[in-house]
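Working notes, structure below.
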Amino acid sequence: MKQLSLFDDDGMSQLAGLIPSVRAAMNRAAGADEEGRKLLLDRINAVAVSAGVRLTAGNVKAISKDTLDKWLSPGDRDHTPSLLAVVVFCLATKNYDPLRMLLRVVGLDVLTAEDRKLRDYGRACVSEREARRKKKQLEESI
């Protein structure tokens with residue numbers, strides 16, 4: 001068994017701040033407007049219903065405004081949104097920063113559509129370079 005050093009950071013400091021950073025990202029995505037949050041609540045419940053998932057324990061099919069407020073409250077330690085709730089929240093807001101916070105703890109990130117285009121372009125450039133190198137080798141052997 002390896003003893004941990006006080007100076008090694010194996011993601012533990014990020015893990016300790018994970019829930020507050022997820023809540024902060026959800027808060028930013030939800031906005032401060034009360035009417036907007038009520039509409040957001042409707043969108044969250046609609047996404048959950050259409051996906052056939054429950055966001056809380058028990059038989060409750062929809063979350064309440066109080067539950068949403070508890071999820072977004074920075075000081076609340078007892079009402080942490082589940083991973084499924086975070087995903088539904090991201091789908092409802094079309095803001096993936098809360099999910100990004102979760103993934104960064106393990107060294108991953110969310111890949112946007114623009115990122116995918118750039119990745120595919122980079123792969124095409126590498127493939128093209130490799131094809132030119134093979135072509136040059138064949139030309140030299142002729």
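Ligands are numbered from 1 in the order shown, residues from 1 within each chain, and chains are lettered A, B, ... in the order they appear in the structure tokens.
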Next on the checklist: Show me, as a ChimeraX atom specification, the residues that have an atom within 10 Å of Ser64 (chain A) when counting only C-alpha atoms, minus same-chain residues fewer than 5 positions from it.
Outcome noted: /A:38,41-42,45,69-70
Next on the checklist: For region 84-89 of chain A, find every residue with an atom within 10 Å (counting only C-alpha atoms), except residues of its own chain fewer than 2 positions away, and show them as a PyMOL selection string.
Outcome noted: chain A and resi 22-23+26+29-30+40-41+43-48+51+53-56+63+68+71+80-82+91-96+98-99+102
Checklist entry - Where does DSSP see alpha helix (DSSP H) in chain A, if you list the residues as a VMD selection string? => result chain A and resid 12 to 16 18 to 30 34 to 51 65 to 72 83 to 93 97 to 104 113 to 141
Checklist entry - By how many Å are CA of Asp97 (chain A) and CA of Val110 (chain A) apart? => result 8.4 Å
